[in-house]
Amino acid sequence: MTNREGSNKRGGSRPGSGRPSSNKPKPAMAKRAQGPKKAKPTTASDKDKPAKTYSKPATTPKAPKAPKNPDEIRLNKYIANSGMCSRRDADIYIQSGNVKVNGVPVTEMGYKVKIGDVVNFDGSLITPEKKEYILLNKPKNFTTAFDEGAELRNVLELVKGATTSKMTAVGRMDKNTTGLLLITNDNDMITKFTQTSQKSSKIYQVSLDKNLKYEDLEKISKGPMIEEHKIFVEEVSYVEDQPKSEVGLKLKTSNVKVVRTIFEHFGYDVLRIDRVAFAGLTKKNLPRGNWRFLTDQEIINLKNM
């Protein structure tokens, strides 16, 4: 083989080299471990430099708050206090132009009204007084009237101190009638439960001077005609484990006078009337003479009746 032919072959070893050629890549060199950086030596000139200090940027003093006017109240709070809706919902009504103050629509958020202003909410005149609802288990010798003499005390004395609002009893109760009585400053609620067309049920336990005849019980259950008016009775029955002079009566009226009239119409004297249920409210955990505020859910239930 000639020298020219040998130089044209690939893969041959380099002339003069004692090791064969290789196509394998060389391994990467390992990185040197880096130790912590050395602190820069302090010079004499650095020691003489003062240490850097940092201070908070100067703040602009706030302007003092304007004193609150006790005769003014934000419009949304005014509406919420009236019991119409929450403050958040009141803002929606205000923005939509459904609230008028002194006859003028107000859409400004944060608008304040005075105590004497006339506020119309979605077509209804409202007051800023918060709605209060109290359930009382009325004892004897208290009445809902104010004109029955000094010897009889008014039921409002029993809830004195519960609220500063002007409260009114829903319906009337005489001194001998006991049991559940709703007291509130919500005029719409009072009107609702004193109308003859209202639909909530009340249950009364009636004590008579003698046993109620079964035939009279049957006549009462069918709804007696009294003074040319038919009285609708939902249910009437003898009280279990009691003499037949103890009768349970369920009807929609909150007027206790109607209960008394039914039995007197059949020749019975009514000794006592005790209202044991009112529109779904009961005397559970409410001893005679005690009262409590209604829960939010109970208020919603009454408004939806």
# chains A, B, ... in the order shown; residues from 1 in each chain; ligands from 1
$ residues_around --residues "Thr144 of chain A" --least-positions-apart "2" --cutoff "12 Å" --atoms "only C-alpha atoms" --output "VMD selection string"
chain A and resid 136 138 to 142 146 to 148 152 to 158 167 to 178 181 to 183 255 to 256
$ residues_around --residues "Glu72 of chain A" --least-positions-apart "6" --cutoff "12 Å" --atoms "only C-alpha atoms" --output "JSON, numbers by chain"
{"A": [78, 110, 111, 112, 113, 114, 115, 116, 117, 128]}
$ residues_around --residues "Leu294 of chain A" --least-positions-apart "5" --cutoff "12 Å" --atoms "only C-alpha atoms" --output "list of chain:residue names"
A:Lys131, A:Glu132, A:Tyr133, A:Ile134, A:Leu135, A:Leu136, A:Leu181, A:Leu182, A:Ile183, A:Thr184, A:Gly280, A:Leu281, A:Thr282, A:Leu286, A:Ile299, A:Ile300, A:Asn301, A:Leu302
$ write_last_selection --atoms "all heavy atoms" --output "short mmCIF file (atom, residue, chain, number, x, y, z; two decimals), in the first residue's frame"
data_model
loop_
_atom_site.label_atom_id
_atom_site.label_comp_id
_atom_site.auth_asym_id
_atom_site.auth_seq_id
_atom_site.Cartn_x
_atom_site.Cartn_y
_atom_site.Cartn_z
N LYS A 131 -88.21 48.26 63.98
CA LYS A 131 -89.38 47.46 64.32
C LYS A 131 -89.03 46.44 65.40
O LYS A 131 -88.03 45.74 65.32
CB LYS A 131 -89.91 46.74 63.08
CG LYS A 131 -90.26 47.66 61.92
CD LYS A 131 -91.23 48.76 62.32
CE LYS A 131 -91.54 49.68 61.15
NZ LYS A 131 -92.31 50.86 61.53
N GLU A 132 -89.85 46.40 66.43
CA GLU A 132 -89.65 45.50 67.56
C GLU A 132 -90.85 44.58 67.67
O GLU A 132 -92.00 44.99 67.45
CB GLU A 132 -89.48 46.29 68.86
CG GLU A 132 -88.39 47.36 68.81
CD GLU A 132 -87.03 46.82 69.19
OE1 GLU A 132 -86.87 45.59 69.21
OE2 GLU A 132 -86.13 47.63 69.45
N TYR A 133 -90.59 43.32 68.05
CA TYR A 133 -91.67 42.33 68.16
C TYR A 133 -91.46 41.54 69.45
O TYR A 133 -90.45 40.86 69.62
CB TYR A 133 -91.66 41.38 66.97
CG TYR A 133 -91.72 42.09 65.62
CD1 TYR A 133 -90.55 42.53 65.00
CD2 TYR A 133 -92.93 42.33 64.98
CE1 TYR A 133 -90.59 43.18 63.78
CE2 TYR A 133 -92.99 42.99 63.76
CZ TYR A 133 -91.80 43.42 63.16
OH TYR A 133 -91.85 44.07 61.95
N ILE A 134 -92.42 41.64 70.35
CA ILE A 134 -92.33 41.00 71.65
C ILE A 134 -93.51 40.04 71.82
O ILE A 134 -94.66 40.39 71.52
CB ILE A 134 -92.34 42.04 72.79
CG1 ILE A 134 -91.07 42.89 72.72
CG2 ILE A 134 -92.46 41.37 74.15
CD1 ILE A 134 -91.04 44.02 73.74
N LEU A 135 -93.21 38.84 72.30
CA LEU A 135 -94.25 37.86 72.61
C LEU A 135 -94.38 37.77 74.12
O LEU A 135 -93.42 37.45 74.82
CB LEU A 135 -93.88 36.49 72.02
CG LEU A 135 -94.96 35.40 72.15
CD1 LEU A 135 -96.20 35.76 71.34
CD2 LEU A 135 -94.41 34.05 71.70
N LEU A 136 -95.57 38.04 74.60
CA LEU A 136 -95.86 38.05 76.05
C LEU A 136 -96.83 36.93 76.39
O LEU A 136 -97.79 36.69 75.67
CB LEU A 136 -96.47 39.39 76.44
CG LEU A 136 -97.06 39.51 77.85
CD1 LEU A 136 -95.97 39.48 78.91
CD2 LEU A 136 -97.90 40.79 77.98
N LEU A 181 -99.72 37.06 73.64
CA LEU A 181 -100.09 38.38 73.13
C LEU A 181 -98.88 38.97 72.42
O LEU A 181 -97.80 39.06 72.99
CB LEU A 181 -100.53 39.30 74.27
CG LEU A 181 -100.96 40.73 73.89
CD1 LEU A 181 -102.19 40.70 73.00
CD2 LEU A 181 -101.21 41.57 75.14
N LEU A 182 -99.07 39.36 71.17
CA LEU A 182 -98.00 39.98 70.39
C LEU A 182 -98.03 41.48 70.60
O LEU A 182 -99.09 42.11 70.48
CB LEU A 182 -98.16 39.64 68.91
CG LEU A 182 -97.10 40.19 67.95
CD1 LEU A 182 -95.72 39.64 68.30
CD2 LEU A 182 -97.45 39.88 66.50
N ILE A 183 -96.87 42.06 70.90
CA ILE A 183 -96.73 43.49 71.14
C ILE A 183 -95.68 44.03 70.18
O ILE A 183 -94.57 43.48 70.11
CB ILE A 183 -96.36 43.79 72.60
CG1 ILE A 183 -97.43 43.22 73.54
CG2 ILE A 183 -96.18 45.27 72.84
CD1 ILE A 183 -97.08 43.35 75.02
N THR A 184 -95.98 45.09 69.45
CA THR A 184 -95.06 45.58 68.43
C THR A 184 -95.29 47.07 68.15
O THR A 184 -96.32 47.63 68.56
CB THR A 184 -95.22 44.78 67.13
OG1 THR A 184 -94.29 45.24 66.16
CG2 THR A 184 -96.62 44.92 66.58
N GLY A 280 -98.68 30.32 64.83
CA GLY A 280 -97.50 29.45 64.84
C GLY A 280 -96.60 29.63 66.04
O GLY A 280 -95.69 28.83 66.26
N LEU A 281 -96.82 30.66 66.85
CA LEU A 281 -96.03 30.89 68.07
C LEU A 281 -96.70 30.16 69.23
O LEU A 281 -97.93 30.14 69.33
CB LEU A 281 -95.94 32.38 68.37
CG LEU A 281 -95.36 33.26 67.25
CD1 LEU A 281 -95.53 34.74 67.60
CD2 LEU A 281 -93.89 32.93 67.01
N THR A 282 -95.90 29.57 70.11
CA THR A 282 -96.44 28.84 71.25
C THR A 282 -95.85 29.36 72.57
O THR A 282 -94.94 30.20 72.56
CB THR A 282 -96.13 27.34 71.13
OG1 THR A 282 -94.71 27.14 71.27
CG2 THR A 282 -96.58 26.79 69.77
N LEU A 286 -91.93 29.77 77.93
CA LEU A 286 -92.35 31.14 78.24
C LEU A 286 -93.39 31.10 79.36
O LEU A 286 -94.59 31.04 79.11
CB LEU A 286 -92.94 31.80 76.98
CG LEU A 286 -93.16 33.32 77.06
CD1 LEU A 286 -91.85 34.06 77.22
CD2 LEU A 286 -93.88 33.82 75.81
N ILE A 299 -90.23 36.38 62.75
CA ILE A 299 -90.73 37.62 62.13
C ILE A 299 -91.01 37.40 60.65
O ILE A 299 -92.04 37.83 60.11
CB ILE A 299 -89.72 38.75 62.33
CG1 ILE A 299 -89.56 39.08 63.83
CG2 ILE A 299 -90.15 40.01 61.57
CD1 ILE A 299 -88.41 40.01 64.14
N ILE A 300 -90.10 36.70 59.98
CA ILE A 300 -90.30 36.41 58.56
C ILE A 300 -91.55 35.57 58.35
O ILE A 300 -92.36 35.82 57.44
CB ILE A 300 -89.06 35.67 58.00
CG1 ILE A 300 -87.85 36.61 57.97
CG2 ILE A 300 -89.33 35.12 56.60
CD1 ILE A 300 -86.55 35.92 57.62
N ASN A 301 -91.75 34.58 59.23
CA ASN A 301 -92.94 33.74 59.11
C ASN A 301 -94.23 34.52 59.28
O ASN A 301 -95.20 34.33 58.53
CB ASN A 301 -92.89 32.62 60.16
CG ASN A 301 -91.76 31.63 59.92
OD1 ASN A 301 -91.21 31.57 58.82
ND2 ASN A 301 -91.40 30.88 60.95
N LEU A 302 -94.24 35.46 60.23
CA LEU A 302 -95.44 36.28 60.44
C LEU A 302 -95.71 37.17 59.23
O LEU A 302 -96.87 37.35 58.83
CB LEU A 302 -95.27 37.14 61.69
CG LEU A 302 -95.27 36.42 63.04
CD1 LEU A 302 -95.09 37.42 64.17
CD2 LEU A 302 -96.54 35.61 63.25
#
$ select_by_dssp --residues "segment 135-245 of chain A" --states "alpha helix (DSSP H)" --output "PDB file with N, CA and C atoms, in the first residue's frame"
ATOM      1  N   ASN A 187     -96.896  48.990  62.599  1.00  0.00           N
ATOM      2  CA  ASN A 187     -98.305  49.254  62.325  1.00  0.00           C
ATOM      3  C   ASN A 187     -98.866  48.331  61.247  1.00  0.00           C
ATOM      4  N   ASP A 188     -98.038  47.968  60.276  1.00  0.00           N
ATOM      5  CA  ASP A 188     -98.498  47.046  59.236  1.00  0.00           C
ATOM      6  C   ASP A 188     -98.817  45.685  59.830  1.00  0.00           C
ATOM      7  N   MET A 189     -98.009  45.241  60.781  1.00  0.00           N
ATOM      8  CA  MET A 189     -98.250  43.955  61.435  1.00  0.00           C
ATOM      9  C   MET A 189     -99.524  44.006  62.271  1.00  0.00           C
ATOM     10  N   ILE A 190     -99.736  45.112  62.962  1.00  0.00           N
ATOM     11  CA  ILE A 190    -100.945  45.263  63.781  1.00  0.00           C
ATOM     12  C   ILE A 190    -102.178  45.216  62.902  1.00  0.00           C
ATOM     13  N   THR A 191    -102.144  45.946  61.801  1.00  0.00           N
ATOM     14  CA  THR A 191    -103.290  45.963  60.882  1.00  0.00           C
ATOM     15  C   THR A 191    -103.535  44.576  60.305  1.00  0.00           C
ATOM     16  N   LYS A 192    -102.477  43.897  59.951  1.00  0.00           N
ATOM     17  CA  LYS A 192    -102.591  42.585  59.322  1.00  0.00           C
ATOM     18  C   LYS A 192    -103.306  41.588  60.216  1.00  0.00           C
ATOM     19  N   PHE A 193    -102.944  41.546  61.492  1.00  0.00           N
ATOM     20  CA  PHE A 193    -103.487  40.524  62.377  1.00  0.00           C
ATOM     21  C   PHE A 193    -104.781  40.938  63.080  1.00  0.00           C
ATOM     22  N   THR A 194    -105.236  42.131  62.830  1.00  0.00           N
ATOM     23  CA  THR A 194    -106.542  42.528  63.381  1.00  0.00           C
ATOM     24  C   THR A 194    -107.624  42.579  62.301  1.00  0.00           C
ATOM     25  N   TYR A 214    -122.332  17.635  73.793  1.00  0.00           N
ATOM     26  CA  TYR A 214    -121.742  17.188  72.539  1.00  0.00           C
ATOM     27  C   TYR A 214    -122.453  17.796  71.334  1.00  0.00           C
ATOM     28  N   GLU A 215    -123.786  17.926  71.418  1.00  0.00           N
ATOM     29  CA  GLU A 215    -124.523  18.511  70.291  1.00  0.00           C
ATOM     30  C   GLU A 215    -124.137  19.987  70.078  1.00  0.00           C
ATOM     31  N   ASP A 216    -123.846  20.690  71.177  1.00  0.00           N
ATOM     32  CA  ASP A 216    -123.390  22.077  71.031  1.00  0.00           C
ATOM     33  C   ASP A 216    -121.993  22.129  70.430  1.00  0.00           C
ATOM     34  N   LEU A 217    -121.140  21.165  70.814  1.00  0.00           N
ATOM     35  CA  LEU A 217    -119.806  21.093  70.226  1.00  0.00           C
ATOM     36  C   LEU A 217    -119.904  20.879  68.711  1.00  0.00           C
ATOM     37  N   GLU A 218    -120.853  20.031  68.294  1.00  0.00           N
ATOM     38  CA  GLU A 218    -121.053  19.779  66.870  1.00  0.00           C
ATOM     39  C   GLU A 218    -121.514  21.047  66.150  1.00  0.00           C
ATOM     40  N   LYS A 219    -122.410  21.782  66.757  1.00  0.00           N
ATOM     41  CA  LYS A 219    -122.906  23.019  66.136  1.00  0.00           C
ATOM     42  C   LYS A 219    -121.788  24.055  66.014  1.00  0.00           C
ATOM     43  N   ILE A 220    -120.953  24.125  67.038  1.00  0.00           N
ATOM     44  CA  ILE A 220    -119.836  25.080  66.989  1.00  0.00           C
ATOM     45  C   ILE A 220    -118.859  24.697  65.893  1.00  0.00           C
ATOM     46  N   SER A 221    -118.620  23.402  65.719  1.00  0.00           N
ATOM     47  CA  SER A 221    -117.659  22.948  64.716  1.00  0.00           C
ATOM     48  C   SER A 221    -118.118  23.287  63.301  1.00  0.00           C
TER      49      SER A 221
END
$ select_by_dssp --residues "segment 179-244 of chain A" --states "strand (DSSP E or B)" --output "PyMOL selection string"
chain A and resi 179-184+202-208+225-226+229-230+235-238
$ atom_distance --atom1 "atom CA of His265 of chain A" --atom2 "atom CA of Leu180 of chain A"
24.7 Å
$ atom_distance --atom1 "atom CA of Ile79 of chain A" --atom2 "atom CA of Lys130 of chain A"
9.3 Å
$ residues_around --residues "segment 91-102 of chain A" --least-positions-apart "5" --cutoff "8 Å" --atoms "only C-alpha atoms" --output "JSON list (two decimals) with all heavy atoms, in the first residue's frame"
[["chain", "number", "residue", "atom", "x", "y", "z"],
["A", 76, "ASN", "N", -79.75, 55.06, 53.88],
["A", 76, "ASN", "CA", -79.88, 53.60, 53.86],
["A", 76, "ASN", "C", -80.10, 53.03, 55.27],
["A", 76, "ASN", "O", -80.82, 52.05, 55.46],
["A", 76, "ASN", "CB", -78.66, 52.95, 53.20],
["A", 76, "ASN", "CG", -77.36, 53.25, 53.92],
["A", 76, "ASN", "OD1", -77.32, 54.05, 54.86],
["A", 76, "ASN", "ND2", -76.29, 52.61, 53.49],
["A", 107, "THR", "N", -80.93, 59.69, 44.62],
["A", 107, "THR", "CA", -80.11, 58.58, 44.15],
["A", 107, "THR", "C", -78.68, 58.68, 44.66],
["A", 107, "THR", "O", -77.85, 57.84, 44.33],
["A", 107, "THR", "CB", -80.09, 58.55, 42.61],
["A", 107, "THR", "OG1", -79.62, 59.82, 42.12],
["A", 107, "THR", "CG2", -81.49, 58.29, 42.06],
["A", 108, "GLU", "N", -78.39, 59.69, 45.44],
["A", 108, "GLU", "CA", -77.03, 59.92, 45.94],
["A", 108, "GLU", "C", -76.73, 58.97, 47.10],
["A", 108, "GLU", "O", -77.46, 58.92, 48.09],
["A", 108, "GLU", "CB", -76.89, 61.37, 46.42],
["A", 108, "GLU", "CG", -75.55, 61.70, 47.06],
["A", 108, "GLU", "CD", -75.54, 63.07, 47.70],
["A", 108, "GLU", "OE1", -76.42, 63.89, 47.36],
["A", 108, "GLU", "OE2", -74.66, 63.33, 48.55],
["A", 109, "MET", "N", -75.63, 58.20, 46.96],
["A", 109, "MET", "CA", -75.22, 57.30, 48.02],
["A", 109, "MET", "C", -74.63, 58.12, 49.17],
["A", 109, "MET", "O", -73.87, 59.05, 48.96],
["A", 109, "MET", "CB", -74.19, 56.30, 47.50],
["A", 109, "MET", "CG", -74.67, 55.50, 46.30],
["A", 109, "MET", "SD", -76.29, 54.72, 46.57],
["A", 109, "MET", "CE", -75.89, 53.63, 47.91],
["A", 113, "VAL", "N", -80.58, 62.22, 55.91],
["A", 113, "VAL", "CA", -81.89, 62.82, 56.11],
["A", 113, "VAL", "C", -82.01, 63.28, 57.56],
["A", 113, "VAL", "O", -81.33, 62.77, 58.45],
["A", 113, "VAL", "CB", -83.02, 61.82, 55.79],
["A", 113, "VAL", "CG1", -83.03, 61.48, 54.32],
["A", 113, "VAL", "CG2", -82.88, 60.55, 56.62],
["A", 117, "ASP", "N", -87.71, 64.84, 58.13],
["A", 117, "ASP", "CA", -87.93, 64.61, 56.71],
["A", 117, "ASP", "C", -88.98, 63.53, 56.47],
["A", 117, "ASP", "O", -89.13, 62.60, 57.27],
["A", 117, "ASP", "CB", -86.62, 64.21, 56.02],
["A", 117, "ASP", "CG", -85.66, 65.38, 55.89],
["A", 117, "ASP", "OD1", -86.13, 66.53, 55.97],
["A", 117, "ASP", "OD2", -84.45, 65.15, 55.73],
["A", 118, "VAL", "N", -89.67, 63.65, 55.35],
["A", 118, "VAL", "CA", -90.68, 62.66, 54.95],
["A", 118, "VAL", "C", -90.04, 61.75, 53.91],
["A", 118, "VAL", "O", -89.65, 62.20, 52.83],
["A", 118, "VAL", "CB", -91.94, 63.34, 54.36],
["A", 118, "VAL", "CG1", -92.94, 62.29, 53.89],
["A", 118, "VAL", "CG2", -92.56, 64.26, 55.40],
["A", 119, "VAL", "N", -89.91, 60.48, 54.24],
["A", 119, "VAL", "CA", -89.23, 59.52, 53.36],
["A", 119, "VAL", "C", -90.26, 58.53, 52.82],
["A", 119, "VAL", "O", -91.01, 57.91, 53.58],
["A", 119, "VAL", "CB", -88.12, 58.77, 54.11],
["A", 119, "VAL", "CG1", -87.44, 57.75, 53.19],
["A", 119, "VAL", "CG2", -87.09, 59.75, 54.66],
["A", 120, "ASN", "N", -90.26, 58.40, 51.50],
["A", 120, "ASN", "CA", -91.17, 57.48, 50.84],
["A", 120, "ASN", "C", -90.33, 56.39, 50.19],
["A", 120, "ASN", "O", -89.49, 56.66, 49.33],
["A", 120, "ASN", "CB", -92.00, 58.23, 49.78],
["A", 120, "ASN", "CG", -93.11, 57.38, 49.23],
["A", 120, "ASN", "OD1", -92.87, 56.45, 48.47],
["A", 120, "ASN", "ND2", -94.33, 57.72, 49.60],
["A", 121, "PHE", "N", -90.55, 55.15, 50.63],
["A", 121, "PHE", "CA", -89.77, 54.01, 50.13],
["A", 121, "PHE", "C", -90.63, 53.13, 49.25],
["A", 121, "PHE", "O", -91.57, 52.50, 49.72],
["A", 121, "PHE", "CB", -89.22, 53.20, 51.31],
["A", 121, "PHE", "CG", -88.50, 51.94, 50.92],
["A", 121, "PHE", "CD1", -87.17, 51.97, 50.54],
["A", 121, "PHE", "CD2", -89.16, 50.72, 50.91],
["A", 121, "PHE", "CE1", -86.51, 50.81, 50.18],
["A", 121, "PHE", "CE2", -88.51, 49.56, 50.54],
["A", 121, "PHE", "CZ", -87.18, 49.60, 50.18],
["A", 122, "ASP", "N", -90.33, 53.14, 47.96],
["A", 122, "ASP", "CA", -91.03, 52.28, 47.00],
["A", 122, "ASP", "C", -92.55, 52.41, 47.12],
["A", 122, "ASP", "O", -93.29, 51.43, 47.07],
["A", 122, "ASP", "CB", -90.60, 50.82, 47.19],
["A", 122, "ASP", "CG", -90.88, 49.97, 45.95],
["A", 122, "ASP", "OD1", -90.95, 50.54, 44.85],
["A", 122, "ASP", "OD2", -91.05, 48.76, 46.10],
["A", 123, "GLY", "N", -93.00, 53.65, 47.33],
["A", 123, "GLY", "CA", -94.43, 53.92, 47.40],
["A", 123, "GLY", "C", -95.03, 53.90, 48.79],
["A", 123, "GLY", "O", -96.22, 54.18, 48.96]]
$ atom_distance --atom1 "atom CA of Leu125 of chain A" --atom2 "atom CA of Ser165 of chain A"
18.1 Å
